[in-house]
Amino acid sequence: MTQEKKTVRDERIDMIAQLRAEGVNPYPDRFERTHTLAEAANLSEGTAGVRVAGRVIAIRKMGKLSFAHIQDVDQKLQVCFTANDLGDQYPFFKKYIDIGDFIGVEGEMFATKTGEITVRVVSLQLLAKALLTLPEKWHGLTDQETCYRQRYLDLIMNDESRRRFKLRSDVIREIRRFLEDDGFTEVETPILQSKPSGALAKPFISHHNALDIDVYLRIAPETYLKRLIVAGYDRVFEFARCFRNEGVSTAHLQEFLMLEYYAAYWNYQDNMDYTERLLVHTLQKVMGKTRVEYMGEEIDFAPPWPRKSLREVILEHAAIDIDAHRSKEALLAVIAEKGIKLEDADPKTLGWGALVDNLYKKACRPNIVAPMFLTSHPKELSPLARANDGDPAITDRFQLVVAGMEIVNAYSELVDPIDQRERLVAQQSLREAGDDEAMPLDEDYVQCMEYGMPPISGWGMGIDRFVALIANEENIKNTVYFPIMRPAGAAGGRSESLD
């Protein structure tokens, strides 16, 4: 019988056995660095005693002179090996070090003839032997499913992915710093809740075995953050993992990161002003500019941003005056007359407010490119928002819409417990009639309000969506390290992420 050819993995397993036989541990427990790769790249020539570590991503083994590049998520650095400098370790390097391995080196900084800063290595240590080979470097990693399913390979191979996720971290850091500098306190609220609340959405449901009750994964942290305002906090915020059991698209995820904040004594107009300041500051800090390109469109975030009512926008883009069609039957009739096809527009389950929202999302929102504040939403769409003093049929609410996407949703919060109870009772009726996105009556929250709630305004912003926008990424999953995926090999053909 012909012996089956060994794979690279088999050969490297054999190599590990050889290393152990020679008294070399291929997986030591530590390596003491003096510098990160980024720090070392900024050192001057002649700096000695530099100890750095990273993954080998490129290697050129020659006679008595060899070069390699080692890398971490922030930096790539060249290292140089010579027989004179390494002595007995040079044959070890040539025999045992491969692309994908982690190594630690010590040496002196110098610049090559081409000016590339490099470590002249005098000591080498293998830190982790890789069994599997990396994808071919010159072609990168281009298969999208592999990028989602094996994000670690994507980050090793693709510079753009590393830049994108650094941008995400920078955005979160700058927003947190800005809020804290303005007196906001970062808090944590429950992910598992006894009632779905905080937004109109279909929840994920689980079961608490010890208490024998159904629990819901957080839709949004809103009502718990407001409880803290009642408790006496002046300004609070949370970077909250949120979950919505809904259909997906390139702009939606079932699990996502939401920033929510609330400030006592503000109204929604104060909040619009603050939103401009916060997001412009963040863009200037992380990108050095207020103009971004998204899908071929240049978007300028320089304030002031226009402010338009939902009625104005629908009239402008759909030629329908929602104030003239105040029943769902009348609104459905004029929508049909205009030839606008809506999704989920079943009059048996959706109320008038939900139809208005559906109409706006279908006929108007895709046409909004530059940042715009959308205001004056119907009360039926905003069960937690304060009614407008001049027109109780609408609320003191705004959304920030950019490039056809809702980036921020904000209110002057409803603080009247009697009004709040009436609205949640109405929502409960819609829920019982079949609208599974309607909000249930939360007696504990209403009772909290009855102890007295000051004027408040706050908002929620999807961090993943905002990062996708400013990173010029059409698919929001490209801004999330590990998007949810069907199990590999699951029925339904190619097992892509759930879209």
# chains A, B, ... in the order shown; residues from 1 in each chain; ligands from 1

call {"tool": "select_by_dssp", "arguments": {"residues": "range 348-428 of chain A", "states": "alpha helix (DSSP H)", "output": "list in words"}}
result
Trp352, Gly353, Ala354, Leu355, Val356, Asp357, Asn358, Leu359, Tyr360, Lys361, Lys362, Ala363, Pro417, Ile418, Asp419, Gln420, Arg421, Glu422, Arg423, Leu424, Val425, Ala426, Gln427 and Gln428 of chain A

call {"tool": "closest_atom_pairs", "arguments": {"of": "range 87-153 of chain A", "to": "range 42-63 of chain A", "cutoff": "7 Å", "atoms": "only C-alpha atoms", "output": "Markdown table"}}
result
| residue | atom | partner | partner_atom | distance |
| --- | --- | --- | --- | --- |
| A:Lys94 | CA | A:Lys61 | CA | 6.6 |
| A:Ile99 | CA | A:Val56 | CA | 5.1 |
| A:Gly100 | CA | A:Val56 | CA | 5.2 |
| A:Asp101 | CA | A:Val56 | CA | 5.5 |
| A:Phe102 | CA | A:Arg55 | CA | 4.2 |
| A:Ile103 | CA | A:Ala53 | CA | 5.7 |
| A:Gly104 | CA | A:Ala53 | CA | 4.2 |
| A:Val105 | CA | A:Arg51 | CA | 5.6 |
| A:Glu106 | CA | A:Arg51 | CA | 4.3 |
| A:Gly107 | CA | A:Val50 | CA | 5.3 |
| A:Glu108 | CA | A:Ala48 | CA | 4.1 |
| A:Met109 | CA | A:Glu45 | CA | 5.0 |
| A:Phe110 | CA | A:Glu45 | CA | 4.6 |
| A:Ala111 | CA | A:Glu45 | CA | 6.6 |

call {"tool": "select_by_dssp", "arguments": {"residues": "range 17-184 of chain A", "states": "strand (DSSP E)", "output": "MDAnalysis selection string"}}
result
chainID A and resid 50:60 65:71 76:82 102:111 117:128

call {"tool": "residues_around", "arguments": {"residues": "range 217-225 of chain A", "least_positions_apart": "5", "cutoff": "6 Å", "atoms": "only C-alpha atoms", "output": "list in words"}}
result
Ile191, Leu192, Gly198, Phe204, Cys242, Phe243 and Arg244 of chain A

call {"tool": "write_last_selection", "arguments": {"atoms": "C-alpha atoms", "output": "compact mmCIF listing (two decimals), in the first residue's frame"}}
result
# COMPACT_ATOMS: atom_id res chain seq x y z
CA ILE A 191 -30.18 41.85 30.37
CA LEU A 192 -32.71 39.28 31.59
CA GLY A 198 -37.70 49.85 26.29
CA PHE A 204 -36.18 36.77 22.61
CA CYS A 242 -29.59 44.42 23.28
CA PHE A 243 -31.56 41.68 21.53
CA ARG A 244 -34.45 41.83 19.06

call {"tool": "residues_around", "arguments": {"residues": "range 404-410 of chain A", "least_positions_apart": "5", "cutoff": "8 Å", "atoms": "only C-alpha atoms", "output": "PyMOL selection string"}}
result
chain A and resi 251+268+271+365-369+397-399+457-462+465-466
